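Below is the file protein_39.cif, which contains mmCIF, C-alpha atoms.
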```cif
data_upload
loop_
_atom_site.label_atom_id
_atom_site.label_comp_id
_atom_site.auth_asym_id
_atom_site.auth_seq_id
_atom_site.Cartn_x
_atom_site.Cartn_y
_atom_site.Cartn_z
CA MET A 5 -3.95 -4.94 23.67
CA LYS A 6 -1.45 -7.58 22.49
CA LEU A 7 0.95 -7.63 19.55
CA TYR A 8 1.76 -10.86 17.75
CA HIS A 9 5.01 -10.40 15.91
CA PHE A 10 8.26 -11.92 14.71
CA PRO A 11 11.12 -9.47 15.22
CA ARG A 12 12.94 -10.48 12.03
CA ALA A 13 9.93 -9.87 9.78
CA PRO A 14 10.17 -6.42 8.16
CA HIS A 15 6.56 -5.39 8.78
CA ALA A 16 6.80 -6.45 12.41
CA ARG A 17 9.95 -4.35 12.72
CA LYS A 18 8.06 -1.32 11.42
CA VAL A 19 5.57 -1.65 14.27
CA ASN A 20 8.36 -2.22 16.78
CA ILE A 21 10.19 0.94 15.65
CA PHE A 22 6.91 2.83 15.81
CA LEU A 23 6.18 1.67 19.37
CA ALA A 24 9.72 2.48 20.50
CA GLU A 25 9.44 6.02 19.09
CA LYS A 26 6.16 6.48 20.93
CA GLY A 27 7.56 5.00 24.13
CA VAL A 28 4.55 2.69 24.23
CA VAL A 29 5.00 -0.79 25.67
CA ILE A 30 2.39 -3.44 24.97
CA PRO A 31 2.55 -7.18 25.59
CA ARG A 32 4.16 -9.01 22.67
CA ILE A 33 3.83 -12.61 21.69
CA GLU A 34 6.42 -13.99 19.33
CA ILE A 35 5.11 -16.06 16.44
CA ASN A 36 8.10 -17.85 15.01
CA LEU A 37 7.69 -17.85 11.23
CA ALA A 38 10.72 -20.12 10.76
CA LYS A 39 8.90 -22.74 12.84
CA LYS A 40 5.64 -21.98 10.98
CA GLU A 41 3.86 -21.03 14.20
CA ASN A 42 1.86 -18.59 12.06
CA LEU A 43 0.17 -21.56 10.42
CA GLU A 44 -0.98 -23.17 13.68
CA PRO A 45 -4.77 -23.28 14.08
CA GLU A 46 -4.73 -21.08 17.21
CA TYR A 47 -3.04 -18.32 15.23
CA LEU A 48 -5.13 -18.75 12.09
CA VAL A 49 -8.36 -18.11 13.99
CA ARG A 50 -6.98 -14.64 14.70
CA ASN A 51 -5.64 -14.09 11.20
CA SER A 52 -6.66 -16.39 8.39
CA ARG A 53 -3.79 -15.09 6.27
CA GLY A 54 -1.25 -16.23 8.86
CA LEU A 55 0.68 -12.98 8.67
CA VAL A 56 2.52 -10.99 11.31
CA PRO A 57 2.27 -8.47 12.83
CA LEU A 58 -1.21 -8.71 14.26
CA LEU A 59 -2.76 -6.51 16.92
CA GLU A 60 -5.40 -7.95 19.20
CA MET A 61 -7.54 -5.33 20.93
CA ASP A 62 -8.93 -5.87 24.43
CA ASP A 63 -12.35 -6.73 22.98
CA GLY A 64 -10.77 -9.45 20.82
CA THR A 65 -10.86 -7.50 17.53
CA CYS A 66 -7.79 -8.43 15.50
CA ILE A 67 -6.22 -6.27 12.84
CA ASP A 68 -3.29 -7.09 10.65
CA GLU A 69 -1.39 -4.84 8.20
CA SER A 70 1.45 -3.01 9.89
CA LEU A 71 0.39 0.39 8.64
CA ALA A 72 -3.14 -0.03 10.01
CA ILE A 73 -1.65 -1.10 13.35
CA CYS A 74 0.62 1.96 13.46
CA ARG A 75 -2.27 4.30 12.65
CA TYR A 76 -4.33 2.72 15.41
CA ILE A 77 -1.52 3.29 17.91
CA GLU A 78 -1.20 6.89 16.66
CA THR A 79 -4.90 7.42 17.38
CA LEU A 80 -4.55 6.07 20.93
CA PHE A 81 -1.20 7.74 21.64
CA PRO A 82 -0.99 10.90 19.53
CA ALA A 83 2.39 12.19 20.79
CA PRO A 84 4.90 12.32 19.28
CA ALA A 85 2.95 12.51 16.03
CA LEU A 86 4.47 10.10 13.51
CA PHE A 87 1.85 10.69 10.81
CA GLY A 88 2.13 14.49 10.98
CA THR A 89 0.04 17.18 12.61
CA SER A 90 -1.31 19.67 10.06
CA PRO A 91 -3.35 18.40 7.08
CA ARG A 92 -0.52 19.36 4.71
CA GLU A 93 2.13 17.59 6.79
CA LYS A 94 -0.05 14.50 7.07
CA ALA A 95 -0.64 14.41 3.33
CA LEU A 96 3.07 14.67 2.54
CA ILE A 97 3.94 11.93 5.02
CA ASP A 98 1.18 9.65 3.66
CA SER A 99 2.29 10.26 0.10
CA TRP A 100 5.99 9.67 0.78
CA GLU A 101 5.30 6.68 2.98
CA ARG A 102 3.52 5.01 0.10
CA ARG A 103 6.34 5.79 -2.31
CA MET A 104 8.77 4.14 0.09
CA GLU A 105 6.64 1.02 0.22
CA PHE A 106 5.73 0.76 -3.44
CA ASP A 107 8.97 1.95 -5.01
CA GLY A 108 11.33 0.56 -2.38
CA TYR A 109 9.99 -2.17 -0.17
CA LEU A 110 7.97 -4.11 -2.75
CA PRO A 111 10.76 -4.30 -5.37
CA GLY A 112 13.06 -5.49 -2.59
CA MET A 113 10.58 -8.20 -1.73
CA ASP A 114 10.37 -9.22 -5.39
CA ALA A 115 14.16 -9.49 -5.50
CA PHE A 116 14.37 -11.47 -2.27
CA ARG A 117 11.31 -13.65 -2.21
CA ASN A 118 11.75 -15.03 -5.72
CA THR A 119 15.26 -16.22 -5.05
CA ALA A 120 15.18 -17.43 -1.43
CA LYS A 121 15.12 -21.23 -1.35
CA HIS A 122 12.56 -21.55 1.43
CA PHE A 123 10.11 -19.43 -0.56
CA ALA A 124 10.63 -21.28 -3.86
CA ASN A 125 7.07 -22.59 -3.90
CA TYR A 126 5.48 -20.02 -1.60
CA ALA A 127 6.24 -16.76 -3.33
CA ILE A 128 3.22 -14.86 -2.01
CA PRO A 129 3.12 -13.83 1.66
CA GLY A 130 -0.08 -14.92 3.38
CA ILE A 131 -1.13 -17.46 0.76
CA ARG A 132 -0.55 -21.11 1.41
CA GLU A 133 -1.41 -22.30 -2.06
CA GLU A 134 1.75 -23.02 -4.02
CA PHE A 135 3.04 -20.16 -6.12
CA VAL A 136 6.38 -20.81 -7.74
CA ALA A 137 9.05 -18.14 -7.76
CA ILE A 138 9.45 -16.07 -10.93
CA PRO A 139 13.19 -15.57 -11.50
CA GLU A 140 12.64 -12.53 -13.79
CA LEU A 141 11.23 -10.67 -10.82
CA VAL A 142 14.61 -10.82 -9.16
CA GLU A 143 16.29 -8.82 -11.90
CA ARG A 144 13.29 -6.48 -12.18
CA GLY A 145 13.33 -5.91 -8.44
CA ARG A 146 17.08 -5.24 -8.37
CA ARG A 147 16.84 -2.67 -11.17
CA ARG A 148 13.92 -0.98 -9.44
CA LEU A 149 15.95 -0.78 -6.23
CA ASP A 150 18.62 1.21 -8.09
CA ILE A 151 15.90 3.66 -9.14
CA PHE A 152 14.51 3.74 -5.61
CA PHE A 153 17.88 4.57 -4.09
CA ARG A 154 18.20 7.56 -6.44
CA LEU A 155 14.65 8.71 -5.66
CA LEU A 156 15.38 8.50 -1.93
CA ASP A 157 18.62 10.42 -2.33
CA ALA A 158 16.94 13.16 -4.36
CA ARG A 159 14.20 13.51 -1.75
CA LEU A 160 16.72 13.70 1.07
CA GLY A 161 18.56 16.41 -0.81
CA GLU A 162 15.53 18.66 -0.40
CA SER A 163 14.23 17.50 2.99
CA GLU A 164 15.85 16.43 6.26
CA TYR A 165 13.53 13.47 6.65
CA VAL A 166 11.60 11.51 4.03
CA GLY A 167 8.20 12.96 4.89
CA GLY A 168 9.37 16.51 5.61
CA GLY A 169 11.06 18.34 8.50
CA GLN A 170 10.24 15.74 11.17
CA PHE A 171 10.92 12.06 11.67
CA SER A 172 7.79 10.15 10.63
CA MET A 173 6.27 6.90 9.50
CA ALA A 174 7.75 7.57 6.06
CA ASP A 175 11.25 7.22 7.54
CA ILE A 176 10.30 3.98 9.24
CA THR A 177 9.06 2.42 6.02
CA ALA A 178 12.10 3.79 4.19
CA VAL A 179 14.69 2.40 6.59
CA VAL A 180 12.99 -1.00 6.56
CA ALA A 181 12.93 -0.89 2.74
CA VAL A 182 16.65 -0.10 2.59
CA ASP A 183 17.52 -2.84 5.06
CA SER A 184 15.30 -5.35 3.25
CA ALA A 185 17.15 -4.59 0.01
CA GLY A 186 20.31 -5.68 1.85
CA ARG A 187 18.93 -9.22 1.95
CA SER A 188 19.43 -9.23 -1.84
CA GLN A 189 22.89 -7.67 -1.47
CA LYS A 190 21.62 -4.32 -2.65
CA PHE A 191 22.95 -1.41 -0.61
CA LEU A 192 22.74 2.37 -0.87
CA PRO A 193 25.48 3.32 -3.35
CA ARG A 194 28.33 5.24 -1.73
CA GLU A 195 27.87 8.31 -3.94
CA LEU A 196 24.32 8.97 -2.68
CA LYS A 197 25.44 11.34 0.06
CA ASN A 198 22.00 12.59 1.09
CA ALA A 199 20.67 9.11 1.55
CA HIS A 200 23.75 8.11 3.54
CA ARG A 201 23.48 11.18 5.81
CA TRP A 202 19.90 10.21 6.54
CA TYR A 203 20.65 6.49 6.98
CA THR A 204 23.38 7.28 9.53
CA ALA A 205 20.96 9.54 11.40
CA MET A 206 18.37 6.77 11.40
CA TYR A 207 20.79 4.36 13.08
CA GLU A 208 21.53 6.93 15.77
CA ARG A 209 17.96 6.38 16.91
CA GLU A 210 17.55 3.67 19.53
CA SER A 211 14.26 2.59 17.91
CA VAL A 212 16.03 1.75 14.65
CA SER A 213 19.32 0.32 15.91
CA SER A 214 17.76 -1.84 18.63
CA THR A 215 15.33 -3.48 16.19
CA TYR A 216 17.92 -4.39 13.56
CA ILE A 217 18.50 -8.11 13.20
CA LYS A 218 20.93 -9.38 10.62
CA THR A 219 19.20 -11.99 8.44
CA MET B 11 -7.06 22.99 -4.67
CA LYS B 12 -6.89 21.26 -8.06
CA LEU B 13 -7.02 17.62 -9.04
CA TYR B 14 -5.08 16.29 -12.03
CA HIS B 15 -6.64 13.06 -13.12
CA PHE B 16 -7.55 10.73 -15.96
CA PRO B 17 -11.01 9.27 -15.42
CA ARG B 18 -10.14 5.87 -16.88
CA ALA B 19 -7.16 5.33 -14.56
CA PRO B 20 -8.19 3.17 -11.58
CA HIS B 21 -6.50 5.28 -8.91
CA ALA B 22 -8.02 8.45 -10.33
CA ARG B 23 -11.42 6.76 -10.19
CA LYS B 24 -10.90 5.99 -6.50
CA VAL B 25 -10.47 9.70 -5.79
CA ASN B 26 -13.45 10.57 -7.99
CA ILE B 27 -15.69 8.11 -6.14
CA PHE B 28 -14.41 9.49 -2.85
CA LEU B 29 -15.17 13.09 -3.84
CA ALA B 30 -18.64 12.16 -5.09
CA GLU B 31 -19.44 10.41 -1.79
CA LYS B 32 -18.31 13.51 0.09
CA GLY B 33 -20.23 15.81 -2.22
CA VAL B 34 -17.04 17.82 -2.66
CA VAL B 35 -16.39 19.49 -5.99
CA ILE B 36 -12.90 20.69 -6.82
CA PRO B 37 -11.50 21.87 -10.14
CA ARG B 38 -10.23 18.95 -12.21
CA ILE B 39 -7.72 18.96 -14.98
CA GLU B 40 -7.63 15.96 -17.24
CA ILE B 41 -4.21 14.56 -18.01
CA ASN B 42 -4.66 12.20 -20.94
CA LEU B 43 -2.43 9.20 -20.32
CA ALA B 44 -3.19 7.75 -23.76
CA LYS B 45 -1.71 10.92 -25.27
CA LYS B 46 1.16 10.79 -22.74
CA GLU B 47 0.28 14.21 -21.34
CA ASN B 48 1.58 12.91 -18.03
CA LEU B 49 5.07 12.93 -19.49
CA GLU B 50 4.98 16.57 -20.61
CA PRO B 51 7.49 18.78 -18.78
CA GLU B 52 4.76 21.00 -17.27
CA TYR B 53 3.25 17.95 -15.59
CA LEU B 54 6.54 16.39 -14.56
CA VAL B 55 7.51 19.47 -12.53
CA ARG B 56 4.47 18.72 -10.38
CA ASN B 57 5.08 14.99 -10.23
CA SER B 58 8.39 13.55 -11.36
CA ARG B 59 6.82 10.09 -11.52
CA GLY B 60 4.27 11.26 -14.07
CA LEU B 61 1.42 9.51 -12.29
CA VAL B 62 -2.21 10.48 -11.84
CA PRO B 63 -4.07 11.41 -9.74
CA LEU B 64 -2.24 14.38 -8.28
CA LEU B 65 -3.62 16.97 -5.90
CA GLU B 66 -2.24 20.48 -5.99
CA MET B 67 -2.92 22.51 -2.87
CA ASP B 68 -3.49 26.25 -2.97
CA ASP B 69 0.07 26.87 -1.78
CA GLY B 70 1.42 24.79 -4.67
CA THR B 71 2.22 21.67 -2.62
CA CYS B 72 1.59 18.61 -4.78
CA ILE B 73 0.81 15.17 -3.47
CA ASP B 74 0.27 12.03 -5.45
CA GLU B 75 -0.89 8.59 -4.27
CA SER B 76 -4.66 8.28 -4.36
CA LEU B 77 -4.93 7.08 -0.79
CA ALA B 78 -2.96 10.06 0.53
CA ILE B 79 -5.21 12.36 -1.50
CA CYS B 80 -8.37 10.75 -0.09
CA ARG B 81 -7.08 11.03 3.48
CA TYR B 82 -6.27 14.70 2.90
CA ILE B 83 -9.81 15.33 1.67
CA GLU B 84 -11.16 13.42 4.69
CA THR B 85 -9.20 15.75 6.97
CA LEU B 86 -10.62 18.85 5.29
CA PHE B 87 -14.16 17.48 4.88
CA PRO B 88 -14.76 14.97 7.68
CA ALA B 89 -18.42 14.14 6.91
CA PRO B 90 -19.48 11.59 5.88
CA ALA B 91 -16.52 9.76 7.40
CA LEU B 92 -15.08 7.34 4.84
CA PHE B 93 -12.13 6.21 6.97
CA GLY B 94 -14.28 5.49 10.03
CA THR B 95 -14.98 7.38 13.23
CA SER B 96 -13.95 5.41 16.32
CA PRO B 97 -10.36 4.13 16.61
CA ARG B 98 -11.59 0.54 16.21
CA GLU B 99 -13.64 1.35 13.11
CA LYS B 100 -10.74 3.24 11.58
CA ALA B 101 -8.36 0.37 12.22
CA LEU B 102 -10.68 -2.17 10.60
CA ILE B 103 -11.22 0.04 7.56
CA ASP B 104 -7.47 0.66 7.19
CA SER B 105 -6.70 -3.02 7.52
CA TRP B 106 -9.36 -4.13 5.03
CA GLU B 107 -8.54 -1.34 2.61
CA ARG B 108 -4.98 -2.61 2.41
CA ARG B 109 -6.10 -6.18 1.88
CA MET B 110 -8.23 -5.01 -1.04
CA GLU B 111 -5.27 -3.27 -2.59
CA PHE B 112 -2.60 -5.89 -1.95
CA ASP B 113 -4.65 -9.04 -2.45
CA GLY B 114 -6.98 -7.70 -5.15
CA TYR B 115 -5.85 -4.63 -6.99
CA LEU B 116 -2.15 -5.47 -7.32
CA PRO B 117 -2.65 -9.02 -8.64
CA GLY B 118 -5.11 -7.57 -11.15
CA MET B 119 -2.49 -5.09 -12.25
CA ASP B 120 0.05 -7.91 -12.62
CA ALA B 121 -2.41 -9.80 -14.79
CA PHE B 122 -3.24 -6.79 -16.94
CA ARG B 123 -0.07 -4.80 -17.22
CA ASN B 124 2.12 -7.74 -18.23
CA THR B 125 -0.10 -8.67 -21.13
CA ALA B 126 -1.31 -5.31 -22.49
CA LYS B 127 0.56 -4.48 -25.70
CA HIS B 128 1.07 -0.80 -24.94
CA PHE B 129 2.77 -1.68 -21.65
CA ALA B 130 4.99 -4.40 -23.14
CA ASN B 131 8.16 -2.44 -22.42
CA TYR B 132 6.83 -0.21 -19.65
CA ALA B 133 5.59 -2.67 -17.10
CA ILE B 134 6.09 -0.43 -14.07
CA PRO B 135 3.76 2.53 -13.53
CA GLY B 136 5.64 5.77 -12.97
CA ILE B 137 8.98 4.56 -14.30
CA ARG B 138 10.03 5.53 -17.79
CA GLU B 139 13.02 3.23 -17.98
CA GLU B 140 12.15 0.17 -20.02
CA PHE B 141 10.94 -2.80 -18.05
CA VAL B 142 9.75 -5.70 -20.15
CA ALA B 143 6.58 -7.54 -19.27
CA ILE B 144 6.92 -10.84 -17.38
CA PRO B 145 4.35 -13.25 -18.82
CA GLU B 146 4.44 -15.51 -15.72
CA LEU B 147 2.97 -12.65 -13.72
CA VAL B 148 -0.20 -12.88 -15.78
CA GLU B 149 -0.92 -16.41 -14.64
CA ARG B 150 0.16 -15.63 -11.08
CA GLY B 151 -2.08 -12.57 -11.03
CA ARG B 152 -5.06 -14.49 -12.39
CA ARG B 153 -4.73 -17.25 -9.80
CA ARG B 154 -4.40 -14.67 -7.05
CA LEU B 155 -7.58 -12.98 -8.26
CA ASP B 156 -9.46 -16.26 -7.74
CA ILE B 157 -8.22 -16.29 -4.15
CA PHE B 158 -9.11 -12.61 -3.74
CA PHE B 159 -12.67 -13.15 -4.93
CA ARG B 160 -13.15 -15.87 -2.31
CA LEU B 161 -11.63 -13.67 0.42
CA LEU B 162 -13.95 -10.83 -0.53
CA ASP B 163 -16.98 -13.13 -0.53
CA ALA B 164 -16.09 -14.55 2.88
CA ARG B 165 -15.68 -11.07 4.32
CA LEU B 166 -19.00 -9.94 2.88
CA GLY B 167 -20.65 -12.98 4.42
CA GLU B 168 -19.83 -11.55 7.87
CA SER B 169 -20.12 -7.83 7.20
CA GLU B 170 -22.40 -5.63 5.10
CA TYR B 171 -19.52 -3.57 3.75
CA VAL B 172 -15.87 -4.48 3.35
CA GLY B 173 -14.64 -2.36 6.26
CA GLY B 174 -17.59 -3.02 8.59
CA GLY B 175 -21.15 -1.74 8.96
CA GLN B 176 -20.68 1.42 6.89
CA PHE B 177 -19.60 2.23 3.36
CA SER B 178 -15.94 3.25 3.47
CA MET B 179 -12.69 3.68 1.60
CA ALA B 180 -12.28 -0.11 1.79
CA ASP B 181 -15.33 -0.51 -0.48
CA ILE B 182 -13.95 2.03 -2.93
CA THR B 183 -10.64 0.20 -3.27
CA ALA B 184 -12.50 -3.12 -3.48
CA VAL B 185 -14.87 -2.08 -6.27
CA VAL B 186 -11.99 -0.62 -8.26
CA ALA B 187 -10.02 -3.84 -7.73
CA VAL B 188 -12.95 -5.97 -8.96
CA ASP B 189 -13.48 -3.77 -12.01
CA SER B 190 -9.77 -3.72 -12.79
CA ALA B 191 -9.76 -7.52 -12.78
CA GLY B 192 -12.38 -7.31 -15.52
CA ARG B 193 -9.74 -5.86 -17.83
CA SER B 194 -8.14 -9.32 -17.69
CA GLN B 195 -11.51 -11.02 -18.21
CA LYS B 196 -11.66 -12.03 -14.57
CA PHE B 197 -15.08 -11.52 -13.01
CA LEU B 198 -16.65 -12.37 -9.66
CA PRO B 199 -17.76 -16.00 -10.01
CA ARG B 200 -21.53 -16.40 -10.01
CA GLU B 201 -21.57 -18.64 -6.94
CA LEU B 202 -20.07 -15.96 -4.68
CA LYS B 203 -23.43 -14.64 -3.53
CA ASN B 204 -22.17 -12.31 -0.80
CA ALA B 205 -19.77 -10.59 -3.12
CA HIS B 206 -22.48 -10.21 -5.77
CA ARG B 207 -24.96 -8.77 -3.26
CA TRP B 208 -22.33 -6.18 -2.30
CA TYR B 209 -21.27 -5.46 -5.91
CA THR B 210 -24.88 -4.78 -6.91
CA ALA B 211 -25.26 -2.45 -3.94
CA MET B 212 -22.10 -0.65 -4.96
CA TYR B 213 -23.48 0.06 -8.43
CA GLU B 214 -26.63 1.48 -6.91
CA ARG B 215 -24.45 4.31 -5.66
CA GLU B 216 -24.20 7.26 -8.02
CA SER B 217 -20.53 7.70 -7.08
CA VAL B 218 -19.67 4.23 -8.35
CA SER B 219 -21.93 3.96 -11.40
CA SER B 220 -21.17 7.44 -12.73
CA THR B 221 -17.40 6.89 -12.59
CA TYR B 222 -17.41 3.56 -14.42
CA ILE B 223 -15.81 3.67 -17.84
CA LYS B 224 -15.52 0.54 -19.90
CA THR B 225 -11.91 0.04 -20.97
#
```
Let me see the structure of the file written as structure tokens.
Amino acid sequence: MKLYHFPRAPHARKVNIFLAEKGVVIPRIEINLAKKENLEPEYLVRNSRGLVPLLEMDDGTCIDESLAICRYIETLFPAPALFGTSPREKALIDSWERRMEFDGYLPGMDAFRNTAKHFANYAIPGIREEFVAIPELVERGRRRLDIFFRLLDARLGESEYVGGGQFSMADITAVVAVDSAGRSQKFLPRELKNAHRWYTAMYERESVSSTYIKT
Amino acid sequence: MKLYHFPRAPHARKVNIFLAEKGVVIPRIEINLAKKENLEPEYLVRNSRGLVPLLEMDDGTCIDESLAICRYIETLFPAPALFGTSPREKALIDSWERRMEFDGYLPGMDAFRNTAKHFANYAIPGIREEFVAIPELVERGRRRLDIFFRLLDARLGESEYVGGGQFSMADITAVVAVDSAGRSQKFLPRELKNAHRWYTAMYERESVSSTYIKT
């Protein structure tokens, strides 16, 4: 098993946090997105979309999509369970994980990707046809991040972790969403005490702090 | 267990196809989105986002997010497996399912939701604050659908079903993505023979044909 990744890319970081929490070490190959190594022919045969992260199994099967990679690792290495144990726990983690991605991570990407100069004509990850940035998405994304921060705070007022009583995949997606918002100068507002309590606890974890790279 | 749904809503249809494939019948309560029943206080206590579908467990736990609901049903009723059986199969299904959603369903939603009159000021599902439509997203979404159709056709040239050799959740998300594109008058181009072969096979399934509602 081999992981192709770029430590600065948010989805690659999710997998790296996941692996660190599991204590699983697998060979990693860095694909430098800044140098466009993801668009080299030898990478594109593994992943025609040119995205990272990518997991190559021992039989050569390649899967991309960070969440699919994390689930695969969970199947091979079940402990500690990061997608829950009981059906109810699993369902809550799955549901909250998706909220973190759709309500938090994606608006942050809208805000960032449509304003960053190097993405001006390549607004869609994994597509090499030109797509120009849409400036209105920046404002939409920023407003949605304000709503996301409040949703996160409300959830963390009723639950220690995002997915329930245990650290889970939902926290990983959430912390990456919050940090990605920072690239657009959007940060958890000071008054959201529950979210801040949780965020501090996240950074006390080696898996989270050791994978942070200022961008 | 109870399912709150609206048959015309694409995510609710995903769960309905899933249940039909499993042969599982659970009580269903229709929440009419056109009549804004999803914004009534008695629904909002179950789901503050006001989205369908929503699954209420016997202990009162509510989960939304169609994919989380389908996984929960898979855990309770494992056969026939719609998320795969072996770790490799599961990983491929997960990975392809996400591609269908991100590369197909979401662009279709961009194309539709930013042009439909009744969404003009409510462009974001599950958020009641006003968000005006962004017309540029319509063109972006339509172009991305062209790319999606080709991706789907290429995949179905190498595999009988989207996720591999068996019908799976990836096919469900894919068929709903293709049908949702139709709401923006985007249809599988005639020359994409693999995709058409698969689409015809999909509509030979009772689960798919019986849940189709022209919108």
> Could you spell out the hits of the PyMOL selection byres ((chain B) within 7 of (chain A)) on the shown file, as JSON, numbers by chain?
Replying inline: {"B": [73, 74, 75, 78, 79, 82, 85, 97, 101, 102, 104, 105, 144, 146]}
>> For the PyMOL selection byres ((chain B and resi 189-202) around 7), applied here, can you spell out every residue it catches as an MDAnalysis selection string?
In response: chainID B and resid 118 121:122 159 163 185:188 203:206
> Can you tell me how far atom CA of Glu31 of chain B sits from atom CA of Phe112 of chain B, in Å to one decimal?
Replying inline: 23.4 Å
Segment 134-146 of chain B, all listed atoms, 3 Å padding on each side: what axis-aligned box centre and edge lengths in Å to one decimal come out, as lines of an AutoDock Vina configuration file?
```
center_x = 8.4
center_y = -4.9
center_z = -16.6
size_x = 15.3
size_y = 27.3
size_z = 13.2
```
>> Just want the 12 Å neighbourhood of Arg215 of chain B, counted on all atoms listed in the file, with same-chain residues fewer than 4 positions away dropped. Output as an MDAnalysis selection string.
In response: chainID B and resid 27:28 30:31 177 181:182 185 208:211 219:222
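In this comparison, which uses all atoms listed in the file, the residue of A:Pro57, A:Pro31, A:Gly88, A:Gly64 approaching Ser172 of chain A most closely is A:Gly88.
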> Between atom CA of Pro17 of chain B and atom CA of Phe87 of chain B, what is the distance, to one decimal in Å?
Replying inline: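 Result for atom CA of Pro17 of chain B versus atom CA of Phe87 of chain B: 22.1 Å, one decimal.
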> So, counting all atoms listed in the file, which residue among A:Thr177, A:Asn118, A:Asn36, A:Ser211 is closest to His9 of chain A?
Replying inline: A:Asn36
>> If I take atom CA of Leu149 of chain A and atom CA of Asp114 of chain A, how far is one from the other in Å, to one decimal?
In response: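 One can read the atom CA of Leu149 of chain A to atom CA of Asp114 of chain A distance as 10.2 Å.
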Skipping near chain neighbours, those fewer than 5 positions away, what residues fall within 7 Å of Met5 of chain A using all atoms listed in the file, listed as a short mmCIF file (atom, residue, chain, number, x, y, z; two decimals) with C-alpha atoms, in the frame of the given file?
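out30.cif, freshly written:
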```cif
data_model
loop_
_atom_site.label_atom_id
_atom_site.label_comp_id
_atom_site.auth_asym_id
_atom_site.auth_seq_id
_atom_site.Cartn_x
_atom_site.Cartn_y
_atom_site.Cartn_z
CA ILE A 30 2.39 -3.44 24.97
CA GLU A 60 -5.40 -7.95 19.20
CA MET A 61 -7.54 -5.33 20.93
CA ASP A 62 -8.93 -5.87 24.43
#
```
